[in-house]
>>> print(open('data_37.tsv').read())   # TSV, C-alpha atoms
chain	number	residue	atom	x	y	z
A	1	MET	CA	0.00	0.00	0.00
A	2	VAL	CA	1.35	3.43	-0.95
A	3	ALA	CA	1.72	5.88	1.91
A	4	LYS	CA	-0.38	9.04	1.62
A	5	THR	CA	1.53	12.30	1.26
A	6	SER	CA	0.64	14.85	3.92
A	7	PHE	CA	0.22	18.50	3.03
A	8	GLU	CA	-0.29	19.77	6.59
A	9	THR	CA	3.08	21.53	6.71
A	10	ARG	CA	2.88	23.03	3.22
A	11	PRO	CA	2.49	26.80	3.16
A	12	CYS	CA	-0.39	26.73	0.65
A	13	PRO	CA	-3.82	26.96	2.34
A	14	ILE	CA	-5.40	24.96	-0.50
A	15	ALA	CA	-2.95	22.09	0.04
A	16	ARG	CA	-3.50	22.21	3.81
A	17	SER	CA	-7.27	22.20	3.32
A	18	LEU	CA	-7.03	19.13	1.13
A	19	ASP	CA	-5.04	17.43	3.88
A	20	ASP	CA	-7.96	17.97	6.28
A	21	VAL	CA	-10.95	17.27	4.04
A	22	GLY	CA	-9.68	16.18	0.63
A	23	GLU	CA	-10.53	12.51	0.98
A	24	TRP	CA	-13.95	11.93	-0.63
A	25	TRP	CA	-15.46	10.01	2.27
A	26	SER	CA	-14.65	12.93	4.58
A	27	ILE	CA	-16.46	15.39	2.34
A	28	LEU	CA	-19.47	13.09	2.04
A	29	LEU	CA	-19.56	12.65	5.83
A	30	LEU	CA	-19.55	16.42	6.22
A	31	ARG	CA	-22.33	16.67	3.60
A	32	ASP	CA	-24.45	14.19	5.56
A	33	ALA	CA	-23.69	15.90	8.88
A	34	PHE	CA	-24.96	19.19	7.43
A	35	GLN	CA	-28.22	17.33	6.73
A	36	GLY	CA	-28.49	16.32	10.40
A	37	LEU	CA	-26.88	12.88	10.50
A	38	THR	CA	-24.75	12.37	13.61
A	39	ARG	CA	-24.56	8.64	14.33
A	40	PHE	CA	-22.35	5.87	12.99
A	41	ASP	CA	-25.27	3.75	11.75
A	42	GLN	CA	-26.86	6.77	10.03
A	43	PHE	CA	-23.65	7.56	8.16
A	44	GLN	CA	-23.13	3.89	7.25
A	45	LYS	CA	-26.65	3.53	5.89
A	46	SER	CA	-26.47	6.80	3.93
A	47	LEU	CA	-23.06	6.18	2.38
A	48	GLU	CA	-23.08	2.38	2.18
A	49	ILE	CA	-19.51	2.50	3.48
A	50	ALA	CA	-17.58	-0.35	5.10
A	51	PRO	CA	-17.49	-0.02	8.92
A	52	ASN	CA	-13.67	-0.02	9.09
A	53	ILE	CA	-13.39	2.82	6.56
A	54	LEU	CA	-16.15	4.77	8.29
A	55	THR	CA	-14.41	4.38	11.64
A	56	ARG	CA	-11.11	5.67	10.19
A	57	ARG	CA	-12.78	8.64	8.48
A	58	LEU	CA	-14.79	9.63	11.57
A	59	ASN	CA	-11.69	9.36	13.79
A	60	SER	CA	-9.73	11.48	11.31
A	61	LEU	CA	-12.44	14.17	11.25
A	62	VAL	CA	-12.47	14.20	15.07
A	63	GLU	CA	-8.64	14.44	15.20
A	64	ARG	CA	-8.65	17.29	12.69
A	65	GLY	CA	-11.25	19.23	14.68
A	66	LEU	CA	-14.14	18.95	12.22
A	67	PHE	CA	-16.32	16.66	14.36
A	68	GLU	CA	-16.75	16.49	18.11
A	69	LYS	CA	-17.34	12.98	19.41
A	70	ARG	CA	-20.01	12.81	22.14
A	71	ALA	CA	-21.42	9.82	23.98
A	72	TYR	CA	-25.19	9.55	23.61
A	73	CYS	CA	-25.62	6.07	25.14
A	74	GLU	CA	-23.71	4.50	28.02
A	75	ARG	CA	-24.75	0.83	27.58
A	76	PRO	CA	-23.64	-0.07	25.08
A	77	LEU	CA	-21.35	2.90	24.65
A	78	ARG	CA	-22.39	4.80	21.50
A	79	HIS	CA	-21.18	8.11	20.13
A	80	GLU	CA	-22.53	10.80	17.88
A	81	TYR	CA	-20.41	13.08	15.71
A	82	VAL	CA	-21.31	16.75	15.87
A	83	LEU	CA	-20.08	19.46	13.52
A	84	THR	CA	-17.61	21.91	15.05
A	85	ALA	CA	-17.23	25.59	14.15
A	86	LYS	CA	-14.35	24.59	11.86
A	87	ALA	CA	-16.66	22.18	10.02
A	88	ARG	CA	-19.45	24.77	9.78
A	89	ASP	CA	-16.95	27.10	8.10
A	90	PHE	CA	-16.58	24.40	5.41
A	91	ARG	CA	-20.25	24.65	4.41
A	92	PRO	CA	-19.73	27.30	1.70
A	93	VAL	CA	-17.02	25.10	0.16
A	94	LEU	CA	-19.43	22.16	0.12
A	95	LEU	CA	-22.14	24.31	-1.49
A	96	SER	CA	-19.62	25.50	-4.09
A	97	LEU	CA	-18.83	21.86	-4.93
A	98	LEU	CA	-22.55	21.20	-5.33
A	99	VAL	CA	-22.97	24.14	-7.73
A	100	TRP	CA	-19.83	23.19	-9.69
A	101	GLY	CA	-20.94	19.57	-9.91
A	102	ASN	CA	-24.40	20.54	-11.18
A	103	LYS	CA	-22.86	22.84	-13.79
A	104	HIS	CA	-20.15	20.52	-15.09
A	105	LEU	CA	-20.99	16.94	-14.13
A	106	ALA	CA	-24.78	16.64	-14.38
A	107	PRO	CA	-25.77	16.76	-18.08
A	108	GLU	CA	-29.09	15.13	-17.12
A	109	GLY	CA	-29.82	18.06	-14.78
A	110	PRO	CA	-29.33	18.64	-11.06
A	111	SER	CA	-30.28	16.01	-8.50
A	112	LEU	CA	-29.52	18.24	-5.51
A	113	VAL	CA	-29.83	22.02	-5.28
A	114	VAL	CA	-29.60	24.75	-2.66
A	115	VAL	CA	-32.98	26.24	-1.73
A	116	ASP	CA	-34.20	29.08	0.43
A	117	LYS	CA	-35.93	27.45	3.44
A	118	ALA	CA	-38.42	30.33	3.66
A	119	ASP	CA	-39.93	29.98	0.19
A	120	GLY	CA	-38.35	26.90	-1.48
A	121	ARG	CA	-36.81	29.04	-4.21
A	122	TRP	CA	-33.68	27.60	-5.82
A	123	ALA	CA	-30.67	29.65	-4.73
A	124	GLU	CA	-27.59	30.32	-6.82
A	125	PRO	CA	-24.68	30.46	-4.37
A	126	VAL	CA	-21.75	32.64	-5.43
A	127	LEU	CA	-18.60	33.75	-3.70
A	128	VAL	CA	-18.59	37.48	-3.05
A	129	ASP	CA	-16.11	39.89	-1.55
A	130	ARG	CA	-17.43	40.91	1.87
A	131	GLN	CA	-16.16	44.50	1.56
A	132	THR	CA	-17.44	45.34	-1.93
A	133	GLY	CA	-20.18	42.78	-2.48
A	134	ARG	CA	-18.64	42.02	-5.89
A	135	GLU	CA	-18.72	38.45	-7.17
A	136	VAL	CA	-15.27	36.89	-6.93
A	137	ASP	CA	-14.74	35.55	-10.42
A	138	GLY	CA	-11.74	34.66	-12.57
A	139	GLU	CA	-11.55	38.04	-14.26
A	140	GLY	CA	-11.80	40.56	-11.45
A	141	PHE	CA	-9.81	38.79	-8.74
A	142	THR	CA	-6.65	36.72	-8.50
A	143	MET	CA	-4.61	34.89	-5.90
A	144	ALA	CA	-1.63	36.80	-4.54
A	145	THR	CA	0.93	35.99	-1.91
A	146	ALA	CA	0.49	37.17	1.66
A	147	PRO	CA	3.06	37.93	4.38
A	148	ARG	CA	3.66	34.29	5.34
A	149	ALA	CA	4.23	33.04	1.77
A	150	THR	CA	7.45	31.18	0.99
A	151	ASP	CA	9.89	32.41	-1.64
A	152	ARG	CA	8.74	29.59	-3.90
A	153	MET	CA	5.13	30.73	-3.58
A	154	ARG	CA	6.15	34.33	-4.24
A	155	GLN	CA	7.87	33.29	-7.46
A	156	ARG	CA	4.86	31.28	-8.60
A	157	TYR	CA	2.24	33.89	-7.84
A	158	ARG	CA	4.26	36.90	-8.94
A	159	PHE	CA	4.34	35.34	-12.37
A	160	SER	CA	0.61	34.65	-12.39
A	161	THR	CA	-0.23	38.27	-11.64
A	162	GLU	CA	2.08	39.85	-14.21
A	163	GLY	CA	0.35	41.97	-16.80
A	164	SER	CA	-2.54	42.91	-14.53
A	165	GLY	CA	-1.48	46.56	-14.50
A	166	LEU	CA	-1.58	46.49	-10.70
A	167	PRO	CA	1.57	46.34	-8.62
A	168	LEU	CA	1.98	43.29	-6.46
A	169	ILE	CA	2.32	44.68	-2.95
A	170	ASP	CA	5.11	43.11	-0.94
A	171	ASN	CA	3.42	42.80	2.43
A	172	VAL	CA	6.44	41.15	4.07
A	173	ASP	CA	8.33	44.41	4.63
A	174	GLN	CA	5.14	46.15	5.67
A	175	SER	CA	4.32	43.37	8.17
A	176	ARG	CA	7.83	43.48	9.62
A	177	GLU	CA	7.54	47.24	10.14
A	178	GLU	CA	4.16	46.84	11.78
A	179	ALA	CA	5.56	44.11	14.05
A	180	ARG	CA	8.37	46.45	15.12
A	181	GLY	CA	5.82	49.19	15.85
A	182	LYS	CA	6.85	51.56	13.07
>>> encode(input="data_37.tsv", output="structure tokens")
Amino acid sequence: MVAKTSFETRPCPIARSLDDVGEWWSILLLRDAFQGLTRFDQFQKSLEIAPNILTRRLNSLVERGLFEKRAYCERPLRHEYVLTAKARDFRPVLLSLLVWGNKHLAPEGPSLVVVDKADGRWAEPVLVDRQTGREVDGEGFTMATAPRATDRMRQRYRFSTEGSGLPLIDNVDQSREEARGK
């Protein structure tokens, strides 16, 4: 069996995120938890997953701080798995996957959609900038390095932002000055 590569120490937040939730069973467990499932047998029935794999995935999600394991029965001892704040922060990512999947992988039409609970209207989730309210799309926004980026990341993302007409701000010097109280 090939050992899995860990991305938890990589500087890229996308790589680190994949380390926490990138395995498909983990994402499906989170999906089901957002629908109210909390117990081992509920997850197993929903996903039709082998018990040993389910146990490993649930333990991993608990270790990574996405589920909290709580006893709900003493005899026999049984646990439920409750979403943490970290997991709840993943919900927009999950909804984005749903929208992307409907757009690109469902030629027969959507089988699952996001709806407004108040009126049942289909919603169209989009990522927007909190400050401006503008939709974050490929044309108007880009990824840029931040103060904690490695030199390798700076080289990669400097290149990807060339030609934008906007200077790439080097926040490292600015952050160092702020840290020194200047």
>>> residues_around(input="data_37.tsv", residues="Lys86 of chain A", least_positions_apart="2", cutoff="7 Å", atoms="only C-alpha atoms", output="PyMOL selection string")
chain A and resi 65-66+84+88-90
>>> atom_distance(input="data_37.tsv", atom1="atom CA of Arg78 of chain A", atom2="atom CA of Thr38 of chain A")
11.2 Å
>>> atom_distance(input="data_37.tsv", atom1="atom CA of Thr142 of chain A", atom2="atom CA of Trp100 of chain A")
18.9 Å
>>> residues_around(input="data_37.tsv", residues="segment 5-11 of chain A", least_positions_apart="6", cutoff="9 Å", atoms="all atoms listed in the file", output="MDAnalysis selection string")
chainID A and resid 17:20 148:150 153
>>> atom_distance(input="data_37.tsv", atom1="atom CA of Lys117 of chain A", atom2="atom CA of Arg134 of chain A")
24.5 Å
>>> residues_near_point(input="data_37.tsv", point="(-22.5, 9.5, 20.5)", cutoff="10 Å", atoms="only C-alpha atoms", output="MDAnalysis selection string")
chainID A and resid 38:40 68:74 77:82
>>> closest_residue(input="data_37.tsv", among="A:Ser96, A:Ser60, A:Gln131, A:Gln42", to="Val114 of chain A", atoms="all atoms listed in the file")
A:Ser96
>>> decode(input="data_37.tsv", residues="segment 2-134 of chain A", atoms="C-alpha atoms", output="PDB file, in the first residue's frame")
ATOM      1  CA  VAL A   2       1.348   3.435  -0.949  1.00  0.00           C
ATOM      2  CA  ALA A   3       1.723   5.883   1.913  1.00  0.00           C
ATOM      3  CA  LYS A   4      -0.379   9.037   1.623  1.00  0.00           C
ATOM      4  CA  THR A   5       1.529  12.296   1.263  1.00  0.00           C
ATOM      5  CA  SER A   6       0.636  14.849   3.924  1.00  0.00           C
ATOM      6  CA  PHE A   7       0.222  18.505   3.028  1.00  0.00           C
ATOM      7  CA  GLU A   8      -0.295  19.770   6.585  1.00  0.00           C
ATOM      8  CA  THR A   9       3.081  21.535   6.705  1.00  0.00           C
ATOM      9  CA  ARG A  10       2.884  23.027   3.217  1.00  0.00           C
ATOM     10  CA  PRO A  11       2.491  26.801   3.157  1.00  0.00           C
ATOM     11  CA  CYS A  12      -0.391  26.733   0.646  1.00  0.00           C
ATOM     12  CA  PRO A  13      -3.820  26.959   2.337  1.00  0.00           C
ATOM     13  CA  ILE A  14      -5.397  24.957  -0.496  1.00  0.00           C
ATOM     14  CA  ALA A  15      -2.953  22.085   0.042  1.00  0.00           C
ATOM     15  CA  ARG A  16      -3.504  22.207   3.813  1.00  0.00           C
ATOM     16  CA  SER A  17      -7.267  22.198   3.323  1.00  0.00           C
ATOM     17  CA  LEU A  18      -7.026  19.127   1.131  1.00  0.00           C
ATOM     18  CA  ASP A  19      -5.042  17.428   3.881  1.00  0.00           C
ATOM     19  CA  ASP A  20      -7.963  17.969   6.284  1.00  0.00           C
ATOM     20  CA  VAL A  21     -10.954  17.267   4.044  1.00  0.00           C
ATOM     21  CA  GLY A  22      -9.675  16.180   0.633  1.00  0.00           C
ATOM     22  CA  GLU A  23     -10.531  12.507   0.980  1.00  0.00           C
ATOM     23  CA  TRP A  24     -13.946  11.932  -0.630  1.00  0.00           C
ATOM     24  CA  TRP A  25     -15.457  10.007   2.275  1.00  0.00           C
ATOM     25  CA  SER A  26     -14.651  12.932   4.580  1.00  0.00           C
ATOM     26  CA  ILE A  27     -16.461  15.393   2.336  1.00  0.00           C
ATOM     27  CA  LEU A  28     -19.468  13.086   2.037  1.00  0.00           C
ATOM     28  CA  LEU A  29     -19.555  12.646   5.827  1.00  0.00           C
ATOM     29  CA  LEU A  30     -19.553  16.420   6.218  1.00  0.00           C
ATOM     30  CA  ARG A  31     -22.327  16.671   3.601  1.00  0.00           C
ATOM     31  CA  ASP A  32     -24.449  14.192   5.563  1.00  0.00           C
ATOM     32  CA  ALA A  33     -23.693  15.899   8.878  1.00  0.00           C
ATOM     33  CA  PHE A  34     -24.963  19.188   7.433  1.00  0.00           C
ATOM     34  CA  GLN A  35     -28.218  17.331   6.727  1.00  0.00           C
ATOM     35  CA  GLY A  36     -28.492  16.317  10.400  1.00  0.00           C
ATOM     36  CA  LEU A  37     -26.881  12.885  10.503  1.00  0.00           C
ATOM     37  CA  THR A  38     -24.751  12.369  13.613  1.00  0.00           C
ATOM     38  CA  ARG A  39     -24.561   8.644  14.332  1.00  0.00           C
ATOM     39  CA  PHE A  40     -22.355   5.867  12.991  1.00  0.00           C
ATOM     40  CA  ASP A  41     -25.265   3.752  11.752  1.00  0.00           C
ATOM     41  CA  GLN A  42     -26.865   6.769  10.029  1.00  0.00           C
ATOM     42  CA  PHE A  43     -23.649   7.557   8.159  1.00  0.00           C
ATOM     43  CA  GLN A  44     -23.132   3.893   7.255  1.00  0.00           C
ATOM     44  CA  LYS A  45     -26.653   3.535   5.893  1.00  0.00           C
ATOM     45  CA  SER A  46     -26.472   6.802   3.931  1.00  0.00           C
ATOM     46  CA  LEU A  47     -23.061   6.183   2.377  1.00  0.00           C
ATOM     47  CA  GLU A  48     -23.083   2.380   2.176  1.00  0.00           C
ATOM     48  CA  ILE A  49     -19.511   2.500   3.482  1.00  0.00           C
ATOM     49  CA  ALA A  50     -17.581  -0.348   5.096  1.00  0.00           C
ATOM     50  CA  PRO A  51     -17.495  -0.025   8.917  1.00  0.00           C
ATOM     51  CA  ASN A  52     -13.673  -0.023   9.091  1.00  0.00           C
ATOM     52  CA  ILE A  53     -13.392   2.817   6.555  1.00  0.00           C
ATOM     53  CA  LEU A  54     -16.151   4.773   8.289  1.00  0.00           C
ATOM     54  CA  THR A  55     -14.406   4.383  11.644  1.00  0.00           C
ATOM     55  CA  ARG A  56     -11.113   5.667  10.188  1.00  0.00           C
ATOM     56  CA  ARG A  57     -12.783   8.639   8.483  1.00  0.00           C
ATOM     57  CA  LEU A  58     -14.786   9.634  11.574  1.00  0.00           C
ATOM     58  CA  ASN A  59     -11.692   9.360  13.786  1.00  0.00           C
ATOM     59  CA  SER A  60      -9.730  11.485  11.313  1.00  0.00           C
ATOM     60  CA  LEU A  61     -12.440  14.165  11.252  1.00  0.00           C
ATOM     61  CA  VAL A  62     -12.467  14.198  15.067  1.00  0.00           C
ATOM     62  CA  GLU A  63      -8.636  14.436  15.202  1.00  0.00           C
ATOM     63  CA  ARG A  64      -8.655  17.292  12.694  1.00  0.00           C
ATOM     64  CA  GLY A  65     -11.251  19.230  14.685  1.00  0.00           C
ATOM     65  CA  LEU A  66     -14.145  18.946  12.220  1.00  0.00           C
ATOM     66  CA  PHE A  67     -16.325  16.662  14.363  1.00  0.00           C
ATOM     67  CA  GLU A  68     -16.747  16.495  18.110  1.00  0.00           C
ATOM     68  CA  LYS A  69     -17.344  12.977  19.410  1.00  0.00           C
ATOM     69  CA  ARG A  70     -20.013  12.813  22.135  1.00  0.00           C
ATOM     70  CA  ALA A  71     -21.418   9.823  23.979  1.00  0.00           C
ATOM     71  CA  TYR A  72     -25.191   9.547  23.608  1.00  0.00           C
ATOM     72  CA  CYS A  73     -25.617   6.068  25.137  1.00  0.00           C
ATOM     73  CA  GLU A  74     -23.709   4.495  28.021  1.00  0.00           C
ATOM     74  CA  ARG A  75     -24.751   0.835  27.582  1.00  0.00           C
ATOM     75  CA  PRO A  76     -23.640  -0.067  25.081  1.00  0.00           C
ATOM     76  CA  LEU A  77     -21.351   2.904  24.648  1.00  0.00           C
ATOM     77  CA  ARG A  78     -22.391   4.803  21.501  1.00  0.00           C
ATOM     78  CA  HIS A  79     -21.177   8.110  20.126  1.00  0.00           C
ATOM     79  CA  GLU A  80     -22.526  10.796  17.878  1.00  0.00           C
ATOM     80  CA  TYR A  81     -20.414  13.076  15.708  1.00  0.00           C
ATOM     81  CA  VAL A  82     -21.313  16.753  15.867  1.00  0.00           C
ATOM     82  CA  LEU A  83     -20.084  19.461  13.519  1.00  0.00           C
ATOM     83  CA  THR A  84     -17.610  21.915  15.049  1.00  0.00           C
ATOM     84  CA  ALA A  85     -17.226  25.594  14.154  1.00  0.00           C
ATOM     85  CA  LYS A  86     -14.354  24.586  11.863  1.00  0.00           C
ATOM     86  CA  ALA A  87     -16.660  22.184  10.015  1.00  0.00           C
ATOM     87  CA  ARG A  88     -19.452  24.768   9.784  1.00  0.00           C
ATOM     88  CA  ASP A  89     -16.947  27.097   8.103  1.00  0.00           C
ATOM     89  CA  PHE A  90     -16.581  24.402   5.410  1.00  0.00           C
ATOM     90  CA  ARG A  91     -20.254  24.650   4.406  1.00  0.00           C
ATOM     91  CA  PRO A  92     -19.734  27.305   1.696  1.00  0.00           C
ATOM     92  CA  VAL A  93     -17.019  25.102   0.161  1.00  0.00           C
ATOM     93  CA  LEU A  94     -19.427  22.164   0.115  1.00  0.00           C
ATOM     94  CA  LEU A  95     -22.138  24.306  -1.491  1.00  0.00           C
ATOM     95  CA  SER A  96     -19.615  25.496  -4.088  1.00  0.00           C
ATOM     96  CA  LEU A  97     -18.826  21.861  -4.929  1.00  0.00           C
ATOM     97  CA  LEU A  98     -22.550  21.204  -5.326  1.00  0.00           C
ATOM     98  CA  VAL A  99     -22.973  24.136  -7.734  1.00  0.00           C
ATOM     99  CA  TRP A 100     -19.827  23.194  -9.687  1.00  0.00           C
ATOM    100  CA  GLY A 101     -20.942  19.565  -9.915  1.00  0.00           C
ATOM    101  CA  ASN A 102     -24.395  20.544 -11.178  1.00  0.00           C
ATOM    102  CA  LYS A 103     -22.861  22.837 -13.793  1.00  0.00           C
ATOM    103  CA  HIS A 104     -20.145  20.516 -15.094  1.00  0.00           C
ATOM    104  CA  LEU A 105     -20.994  16.939 -14.130  1.00  0.00           C
ATOM    105  CA  ALA A 106     -24.779  16.638 -14.385  1.00  0.00           C
ATOM    106  CA  PRO A 107     -25.774  16.762 -18.077  1.00  0.00           C
ATOM    107  CA  GLU A 108     -29.090  15.134 -17.115  1.00  0.00           C
ATOM    108  CA  GLY A 109     -29.819  18.057 -14.776  1.00  0.00           C
ATOM    109  CA  PRO A 110     -29.329  18.640 -11.060  1.00  0.00           C
ATOM    110  CA  SER A 111     -30.281  16.013  -8.500  1.00  0.00           C
ATOM    111  CA  LEU A 112     -29.518  18.241  -5.515  1.00  0.00           C
ATOM    112  CA  VAL A 113     -29.831  22.018  -5.276  1.00  0.00           C
ATOM    113  CA  VAL A 114     -29.602  24.755  -2.657  1.00  0.00           C
ATOM    114  CA  VAL A 115     -32.983  26.237  -1.732  1.00  0.00           C
ATOM    115  CA  ASP A 116     -34.203  29.085   0.432  1.00  0.00           C
ATOM    116  CA  LYS A 117     -35.932  27.447   3.441  1.00  0.00           C
ATOM    117  CA  ALA A 118     -38.424  30.330   3.662  1.00  0.00           C
ATOM    118  CA  ASP A 119     -39.934  29.979   0.190  1.00  0.00           C
ATOM    119  CA  GLY A 120     -38.353  26.905  -1.478  1.00  0.00           C
ATOM    120  CA  ARG A 121     -36.806  29.040  -4.213  1.00  0.00           C
ATOM    121  CA  TRP A 122     -33.675  27.600  -5.815  1.00  0.00           C
ATOM    122  CA  ALA A 123     -30.667  29.647  -4.734  1.00  0.00           C
ATOM    123  CA  GLU A 124     -27.592  30.324  -6.819  1.00  0.00           C
ATOM    124  CA  PRO A 125     -24.676  30.465  -4.366  1.00  0.00           C
ATOM    125  CA  VAL A 126     -21.754  32.638  -5.432  1.00  0.00           C
ATOM    126  CA  LEU A 127     -18.601  33.751  -3.697  1.00  0.00           C
ATOM    127  CA  VAL A 128     -18.590  37.485  -3.048  1.00  0.00           C
ATOM    128  CA  ASP A 129     -16.108  39.892  -1.555  1.00  0.00           C
ATOM    129  CA  ARG A 130     -17.425  40.911   1.871  1.00  0.00           C
ATOM    130  CA  GLN A 131     -16.164  44.498   1.558  1.00  0.00           C
ATOM    131  CA  THR A 132     -17.442  45.337  -1.931  1.00  0.00           C
ATOM    132  CA  GLY A 133     -20.182  42.783  -2.484  1.00  0.00           C
ATOM    133  CA  ARG A 134     -18.641  42.018  -5.890  1.00  0.00           C
TER     134      ARG A 134
END
